[in-house]
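File shown here: structure_30.cif, holding mmCIF, C-alpha atoms.
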```cif
data_query
loop_
_atom_site.label_atom_id
_atom_site.label_comp_id
_atom_site.auth_asym_id
_atom_site.auth_seq_id
_atom_site.Cartn_x
_atom_site.Cartn_y
_atom_site.Cartn_z
CA ALA A 1 2.99 20.19 25.18
CA GLN A 2 2.81 17.64 27.98
CA ALA A 3 -0.99 17.78 27.92
CA SER A 4 -0.92 17.21 24.13
CA ALA A 5 1.32 14.20 24.57
CA VAL A 6 -1.03 12.78 27.20
CA ARG A 7 -4.02 13.26 24.90
CA ALA A 8 -2.16 11.65 21.98
CA CYS A 9 -1.16 8.70 24.15
CA ALA A 10 -4.74 8.28 25.33
CA MET A 11 -6.03 8.44 21.78
CA TRP A 12 -3.51 6.27 19.98
CA GLY A 13 -2.58 3.82 22.75
CA LYS A 14 0.52 3.02 24.74
CA ASN A 15 3.97 3.47 23.37
CA SER A 16 4.76 0.26 21.46
CA ALA A 17 5.69 -1.05 18.04
CA ASN A 18 2.00 -1.18 17.16
CA VAL A 19 1.03 2.33 18.23
CA THR A 20 -0.24 4.85 15.72
CA ASP A 21 2.18 7.66 14.95
CA THR A 22 1.53 10.48 17.42
CA THR A 23 1.61 13.02 14.58
CA ALA A 24 -1.19 11.21 12.75
CA ILE A 25 -4.58 12.87 12.62
CA SER A 26 -7.85 11.04 13.13
CA VAL A 27 -9.56 9.57 10.08
CA HIS A 28 -13.36 9.58 9.91
CA GLY A 29 -13.31 10.59 13.57
CA THR A 30 -11.22 7.71 14.87
CA ASN A 31 -7.70 6.34 15.23
CA PRO A 32 -6.69 5.37 11.66
CA GLN A 33 -5.82 1.81 12.73
CA ASN A 34 -9.39 1.34 13.97
CA LEU A 35 -10.44 1.14 10.33
CA VAL A 36 -9.11 -2.42 10.61
CA GLU A 37 -11.22 -4.52 12.96
CA LYS A 38 -9.63 -5.39 16.30
CA ILE A 39 -9.49 -9.17 15.71
CA LEU A 40 -7.74 -8.68 12.39
CA ARG A 41 -5.36 -6.11 13.90
CA SER A 42 -4.39 -8.61 16.61
CA LYS A 43 -3.66 -11.27 13.99
CA ILE A 44 -1.51 -8.84 12.06
CA TYR A 45 0.41 -7.69 15.15
CA ASN A 46 1.25 -11.32 15.96
CA HIS A 47 2.18 -12.27 12.40
CA ALA A 48 5.81 -12.95 11.55
CA TYR A 49 5.69 -10.71 8.46
CA TRP A 50 4.57 -7.74 10.58
CA LYS A 51 7.27 -8.31 13.17
CA GLU A 52 10.10 -9.00 10.73
CA HIS A 53 9.28 -6.76 7.77
CA CYS A 54 6.92 -4.00 8.92
CA PHE A 55 8.65 -2.97 12.13
CA GLY A 56 10.41 0.35 11.72
CA LEU A 57 9.06 1.03 8.23
CA THR A 58 8.82 4.67 7.27
CA ALA A 59 6.82 6.29 4.49
CA GLU A 60 9.94 6.09 2.28
CA SER A 61 10.97 2.51 3.04
CA LEU A 62 7.35 1.36 2.74
CA VAL A 63 7.64 1.86 -1.02
CA ASP A 64 10.26 -0.89 -1.27
CA LYS A 65 8.02 -3.34 0.59
CA ALA A 66 5.06 -2.40 -1.58
CA MET A 67 7.12 -3.13 -4.70
CA GLU A 68 7.62 -6.71 -3.44
CA LEU A 69 3.88 -7.42 -3.36
CA ASP A 70 2.63 -10.06 -5.80
CA THR A 71 -0.98 -10.46 -4.65
CA VAL A 72 -3.89 -8.44 -3.29
CA GLY A 73 -6.33 -9.70 -0.68
CA GLY A 74 -7.45 -9.69 2.93
CA THR A 75 -7.27 -12.89 4.96
CA PHE A 76 -7.11 -16.48 3.75
CA GLY A 77 -7.05 -20.09 4.89
CA GLY A 78 -8.66 -21.87 7.81
CA ILE A 79 -7.03 -19.60 10.40
CA ARG A 80 -7.76 -16.49 8.32
CA GLU A 81 -4.12 -15.54 7.94
CA PRO A 82 -3.64 -11.86 7.00
CA SER A 83 -2.05 -11.26 3.60
CA HIS A 84 1.02 -9.11 3.13
CA PHE A 85 -1.20 -6.66 1.27
CA ILE A 86 -3.54 -6.09 4.21
CA GLN A 87 -0.62 -5.90 6.63
CA LEU A 88 1.00 -3.13 4.60
CA THR A 89 -2.36 -1.39 4.52
CA LEU A 90 -2.41 -1.41 8.33
CA LYS A 91 1.17 -0.12 8.36
CA MET A 92 0.12 2.81 6.18
CA LEU A 93 -2.73 3.52 8.59
CA GLN A 94 -0.24 3.40 11.46
CA ILE A 95 2.34 5.80 10.02
CA GLN A 96 -0.09 7.85 7.90
CA PRO A 97 2.16 8.85 4.96
CA GLU A 98 1.67 12.27 3.42
CA LYS A 99 -0.99 12.61 0.76
CA GLU A 100 1.62 13.27 -1.94
CA ILE A 101 3.20 9.87 -1.26
CA VAL A 102 -0.18 8.12 -1.46
CA LEU A 103 -0.89 9.84 -4.78
CA GLU A 104 2.50 8.72 -6.09
CA PHE A 105 1.48 5.16 -5.21
CA ILE A 106 -1.71 5.58 -7.21
CA LYS A 107 0.04 7.20 -10.17
CA ASN A 108 2.74 4.50 -10.28
CA GLU A 109 2.42 2.83 -13.68
CA ASP A 110 5.37 0.47 -13.29
CA TYR A 111 4.23 -1.49 -10.21
CA LYS A 112 0.56 -2.40 -10.36
CA TYR A 113 0.44 -3.73 -6.78
CA VAL A 114 1.84 -0.43 -5.48
CA ARG A 115 -0.99 1.28 -7.35
CA ALA A 116 -3.56 -1.13 -5.88
CA LEU A 117 -2.23 -0.54 -2.35
CA GLY A 118 -2.40 3.23 -2.75
CA ALA A 119 -5.93 3.06 -4.17
CA PHE A 120 -7.13 0.87 -1.30
CA TYR A 121 -5.56 3.13 1.32
CA LEU A 122 -7.09 6.25 -0.24
CA ARG A 123 -10.51 4.56 -0.32
CA LEU A 124 -10.17 3.93 3.43
CA THR A 125 -8.93 7.38 4.41
CA GLY A 126 -9.82 9.86 1.67
CA ARG A 127 -12.69 12.28 1.38
CA PRO A 128 -15.42 11.15 -1.05
CA ALA A 129 -14.63 13.74 -3.73
CA GLU A 130 -10.91 12.93 -3.82
CA VAL A 131 -11.65 9.19 -3.82
CA PHE A 132 -13.58 9.61 -7.08
CA GLN A 133 -11.06 12.12 -8.40
CA TYR A 134 -8.02 9.88 -8.06
CA LEU A 135 -9.55 6.41 -8.43
CA GLU A 136 -11.75 6.93 -11.49
CA PRO A 137 -8.76 7.38 -13.85
CA LEU A 138 -7.70 3.85 -12.87
CA TYR A 139 -10.70 2.53 -14.82
CA ASN A 140 -8.32 2.85 -17.77
CA ASP A 141 -5.89 0.33 -16.25
CA TYR A 142 -6.68 -3.19 -17.50
CA ARG A 143 -3.68 -5.02 -16.09
CA LYS A 144 -4.19 -8.28 -14.23
CA LEU A 145 -3.67 -8.74 -10.49
CA ARG A 146 -3.41 -11.96 -8.53
CA ARG A 147 -6.02 -12.04 -5.79
CA ARG A 148 -5.79 -14.31 -2.74
CA LEU A 149 -9.23 -15.66 -1.91
CA ALA A 150 -10.50 -16.59 1.54
CA SER A 151 -10.09 -20.25 0.58
CA GLY A 152 -6.38 -19.67 0.00
CA GLU A 153 -6.74 -20.11 -3.76
CA TYR A 154 -5.85 -17.47 -6.32
CA CYS A 155 -7.86 -15.77 -9.02
CA LEU A 156 -7.19 -13.00 -11.50
CA VAL A 157 -8.76 -9.58 -11.23
CA HIS A 158 -8.09 -6.54 -13.39
CA VAL A 159 -7.15 -3.20 -11.89
CA ASP A 160 -10.29 -1.55 -13.27
CA GLU A 161 -12.45 -4.28 -11.70
CA LEU A 162 -10.81 -3.71 -8.31
CA VAL A 163 -11.40 0.03 -8.62
CA ASP A 164 -15.05 -0.63 -9.43
CA GLU A 165 -15.32 -2.72 -6.25
CA LEU A 166 -13.76 0.05 -4.18
CA LEU A 167 -16.22 2.61 -5.53
CA ARG A 168 -19.33 0.43 -5.33
CA ASP A 169 -18.96 -2.18 -2.58
CA GLU A 170 -19.09 -1.72 1.18
CA TYR A 171 -16.75 -4.58 2.11
CA VAL A 172 -13.45 -5.29 0.34
CA PHE A 173 -10.47 -7.39 1.50
CA ASP A 174 -12.23 -8.21 4.80
CA LEU A 175 -12.53 -4.54 5.71
CA ALA A 176 -15.69 -2.45 5.99
CA LEU A 177 -15.18 0.59 3.78
CA PRO A 178 -16.25 4.05 4.95
CA HIS A 179 -19.54 5.24 3.47
CA LEU A 180 -19.11 6.70 -0.01
CA PRO A 181 -21.94 8.88 -1.37
CA LYS A 182 -23.17 8.24 -4.90
CA ARG A 183 -21.34 10.13 -7.59
CA HIS A 184 -24.41 12.07 -8.72
CA THR A 185 -24.86 13.31 -5.15
CA LEU A 186 -21.35 14.79 -5.15
CA VAL A 187 -21.97 16.34 -8.57
CA ALA A 188 -25.24 17.89 -7.36
CA SER A 189 -23.47 19.37 -4.33
CA GLY A 190 -20.71 20.83 -6.50
CA LEU A 191 -17.91 18.63 -5.17
CA LEU A 192 -17.48 16.91 -8.55
CA THR A 193 -18.00 18.29 -12.04
CA GLY A 194 -20.00 16.49 -14.69
CA PRO A 195 -20.29 12.78 -15.49
CA ARG A 196 -17.28 10.54 -15.57
CA ARG A 197 -15.68 10.31 -19.00
CA SER A 198 -14.65 6.79 -19.86
CA ALA A 199 -11.61 5.86 -21.91
CA LEU A 200 -13.96 4.38 -24.55
CA GLU A 201 -15.71 7.72 -24.89
CA GLU A 202 -12.38 9.50 -25.29
CA ASP A 203 -11.26 6.93 -27.89
CA LEU A 204 -14.59 7.34 -29.73
CA ASN A 205 -14.20 11.12 -29.76
CA GLU A 206 -10.67 10.76 -31.09
CA LEU A 207 -11.90 8.35 -33.78
CA ILE A 208 -14.68 10.75 -34.80
CA ALA A 209 -12.21 13.63 -34.92
CA GLU A 210 -9.83 11.56 -37.07
CA GLU A 211 -12.67 10.60 -39.44
CA GLU A 212 -13.81 14.21 -39.70
CA ALA A 213 -10.25 15.33 -40.40
CA ALA A 214 -9.84 12.62 -43.05
CA GLU A 215 -13.17 13.60 -44.64
CA ALA A 216 -12.18 17.27 -44.68
CA ALA A 217 -8.82 16.37 -46.23
CA ALA A 218 -10.54 14.23 -48.88
CA LYS A 219 -12.92 17.07 -49.74
CA ALA A 220 -10.06 19.53 -49.98
CA GLU A 221 -8.13 17.12 -52.20
CA ALA A 222 -11.17 16.56 -54.44
CA LYS A 223 -11.74 20.33 -54.68
CA ALA A 224 -8.09 20.88 -55.60
CA ALA A 225 -8.25 18.11 -58.19
CA ALA A 226 -11.44 19.56 -59.71
CA LYS A 227 -9.85 23.02 -59.83
CA ALA A 228 -6.74 21.62 -61.50
CA ALA A 229 -8.88 19.70 -64.03
CA ALA A 230 -10.89 22.83 -64.83
CA LYS A 231 -7.67 24.78 -65.30
CA GLU A 232 -6.30 22.11 -67.66
CA GLN A 233 -9.60 22.01 -69.56
CA LYS A 234 -9.54 25.80 -69.96
CA ALA A 235 -5.94 25.71 -71.13
CA ALA A 236 -6.77 22.97 -73.63
CA ALA A 237 -9.75 24.95 -74.95
CA GLU A 238 -7.62 28.06 -75.35
CA ALA A 239 -4.94 26.04 -77.16
CA ALA A 240 -7.56 24.53 -79.48
CA ALA A 241 -8.95 28.00 -80.20
CA ARG A 242 -5.53 29.26 -81.08
CA GLU A 243 -4.86 26.30 -83.38
CA LYS A 244 -8.23 26.82 -85.07
CA GLU A 245 -7.47 30.50 -85.57
CA ALA A 246 -4.04 29.69 -86.95
CA ALA A 247 -5.53 27.14 -89.37
CA ALA A 248 -8.14 29.62 -90.56
CA ALA A 249 -5.48 32.24 -91.09
CA SER A 250 -3.43 29.85 -93.17
CA ARG A 251 -6.38 29.22 -95.54
CA ARG A 252 -7.01 32.89 -96.26
CA PRO A 253 -5.81 34.06 -99.71
CA PRO A 254 -2.82 36.35 -99.63
CA PRO A 255 -3.60 40.02 -100.09
CA PRO A 256 -3.25 41.34 -103.73
#
```

Whole structure, structure tokens version:
Amino acid sequence: AQASAVRACAMWGKNSANVTDTTAISVHGTNPQNLVEKILRSKIYNHAYWKEHCFGLTAESLVDKAMELDTVGGTFGGIREPSHFIQLTLKMLQIQPEKEIVLEFIKNEDYKYVRALGAFYLRLTGRPAEVFQYLEPLYNDYRKLRRRLASGEYCLVHVDELVDELLRDEYVFDLALPHLPKRHTLVASGLLTGPRRSALEEDLNELIAEEEAAEAAAKAEAKAAAKAAAKEQKAAAEAAAREKEAAAASRRPPPP
């Protein structure tokens, strides 16, 4: 146990407020916090938000801080100040919350910035197949996010656009993203199944199904109407035949 503690200390650093949790496992072969470049980490460690709001955060209390986010982004301004978003990302790398918690972030439909934070963290730490598995459904989320640019100005970006960046680009929010193989490569190797189904395709299939159902209902209604008309026509013909027979019978002379 003592040897394990020594190895953990050597791997994650000295015991301090900025040390990676000793129970955390390496990500992509390195200390999780090393996914954030050293210069940026130093800026975050010295930032007032990190010292006042991130110190002592746990996986549970991190959710409350994530719900307070109102922008996404990396660094901004002349001194490249780290955003709250990127600082909470580093905090997640430091404490390494359980996968179930990260997935709850991503599945959160009430707080879009919580979802964005979870998606970004999973892109940094997840295996390629699970990155596609859990991020591709977010292509159906068209809500707007405020993004802090390097200039300090703001712009709007939709959730699906951010997800597309995470799956296609190599550098997002001032961080180099781990290599992500092309989707078709993962499909060919059996790690993913089939092409991605877009929401538009699903809507189109639903529309086609509705049209086919309406067409089938119209045909059934027309068939029923034709059957009813034929039945009425037959009944009218039988009634006319009976009337004709009755009229002919009335004109016959009475028997002697």

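Note that atom CA of Leu124 of chain A and atom CA of Ser61 of chain A are 21.2 Å apart.
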
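Residues lying within 12 Å of Val63 of chain A, counting all atoms listed in the file and ignoring same-chain neighbours fewer than 5 positions away, are Cys54, Leu57, Thr58, Glu68, Leu69, Leu88, Thr89, Lys91, Met92, Pro97, Ile101, Val102, Glu104, Phe105, Ile106, Asn108, Tyr111, Tyr113, Val114, Arg115, Leu117 and Gly118 of chain A.
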
Please produce an output containing C-alpha atoms for each residue in the selection, written as a PDB file, in the frame of the given file.
```pdb
ATOM      1  CA  CYS A  54       6.920  -4.000   8.920  1.00  0.00           C
ATOM      2  CA  LEU A  57       9.060   1.030   8.230  1.00  0.00           C
ATOM      3  CA  THR A  58       8.820   4.670   7.270  1.00  0.00           C
ATOM      4  CA  GLU A  68       7.620  -6.710  -3.440  1.00  0.00           C
ATOM      5  CA  LEU A  69       3.880  -7.420  -3.360  1.00  0.00           C
ATOM      6  CA  LEU A  88       1.000  -3.130   4.600  1.00  0.00           C
ATOM      7  CA  THR A  89      -2.360  -1.390   4.520  1.00  0.00           C
ATOM      8  CA  LYS A  91       1.170  -0.120   8.360  1.00  0.00           C
ATOM      9  CA  MET A  92       0.120   2.810   6.180  1.00  0.00           C
ATOM     10  CA  PRO A  97       2.160   8.850   4.960  1.00  0.00           C
ATOM     11  CA  ILE A 101       3.200   9.870  -1.260  1.00  0.00           C
ATOM     12  CA  VAL A 102      -0.180   8.120  -1.460  1.00  0.00           C
ATOM     13  CA  GLU A 104       2.500   8.720  -6.090  1.00  0.00           C
ATOM     14  CA  PHE A 105       1.480   5.160  -5.210  1.00  0.00           C
ATOM     15  CA  ILE A 106      -1.710   5.580  -7.210  1.00  0.00           C
ATOM     16  CA  ASN A 108       2.740   4.500 -10.280  1.00  0.00           C
ATOM     17  CA  TYR A 111       4.230  -1.490 -10.210  1.00  0.00           C
ATOM     18  CA  TYR A 113       0.440  -3.730  -6.780  1.00  0.00           C
ATOM     19  CA  VAL A 114       1.840  -0.430  -5.480  1.00  0.00           C
ATOM     20  CA  ARG A 115      -0.990   1.280  -7.350  1.00  0.00           C
ATOM     21  CA  LEU A 117      -2.230  -0.540  -2.350  1.00  0.00           C
ATOM     22  CA  GLY A 118      -2.400   3.230  -2.750  1.00  0.00           C
TER      23      GLY A 118
END
```

Give as a compact mmCIF listing (two decimals) with C-alpha atoms, keeping the file's coordinate frame each residue that has an atom at most 10 Å from (-15.8, 10.7, -0.2) in the file, counting all atoms listed in the file.
```txt
# COMPACT_ATOMS: atom_id res chain seq x y z
CA LEU A 122 -7.09 6.25 -0.24
CA ARG A 123 -10.51 4.56 -0.32
CA LEU A 124 -10.17 3.93 3.43
CA THR A 125 -8.93 7.38 4.41
CA GLY A 126 -9.82 9.86 1.67
CA ARG A 127 -12.69 12.28 1.38
CA PRO A 128 -15.42 11.15 -1.05
CA ALA A 129 -14.63 13.74 -3.73
CA GLU A 130 -10.91 12.93 -3.82
CA VAL A 131 -11.65 9.19 -3.82
CA PHE A 132 -13.58 9.61 -7.08
CA GLN A 133 -11.06 12.12 -8.40
CA LEU A 167 -16.22 2.61 -5.53
CA PRO A 178 -16.25 4.05 4.95
CA HIS A 179 -19.54 5.24 3.47
CA LEU A 180 -19.11 6.70 -0.01
CA PRO A 181 -21.94 8.88 -1.37
CA LYS A 182 -23.17 8.24 -4.90
CA ARG A 183 -21.34 10.13 -7.59
CA LEU A 186 -21.35 14.79 -5.15
CA LEU A 191 -17.91 18.63 -5.17
```

Could you tell me how far atom CA of Phe55 of chain A lies from atom CA of Leu90 of chain A, in Å and to one decimal? 11.8 Å

Students should find that atom CA of Gly77 of chain A and atom CA of Asp160 of chain A are spaced 26.2 Å

Show me, as a ChimeraX atom specification, the residues that have an atom within 9 Å of Val36 of chain A when counting all atoms listed in the file, minus same-chain residues fewer than 5 positions from it. /A:41,90,93,174-176

Run through the PyMOL selection byres ((chain A and resi 148) around 10) on the given coordinates and return the selected residues as a PyMOL selection string. chain A and resi 70-77+83+85+145-147+149-156+173

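Comparing the minimum interatomic distances between Ala119 of chain A and each of A:Gly78, A:Pro137, A:Pro32, A:Gly190, counting all atoms listed in the file, we find that A:Pro137 sits nearest.
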
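If you count only C-alpha atoms and ignore residues fewer than 6 places along the chain from Leu177 of chain A, what sits within 9 Å of it is Leu35, Arg123, Leu124, Leu166, Asp169, Glu170 and Tyr171 of chain A.
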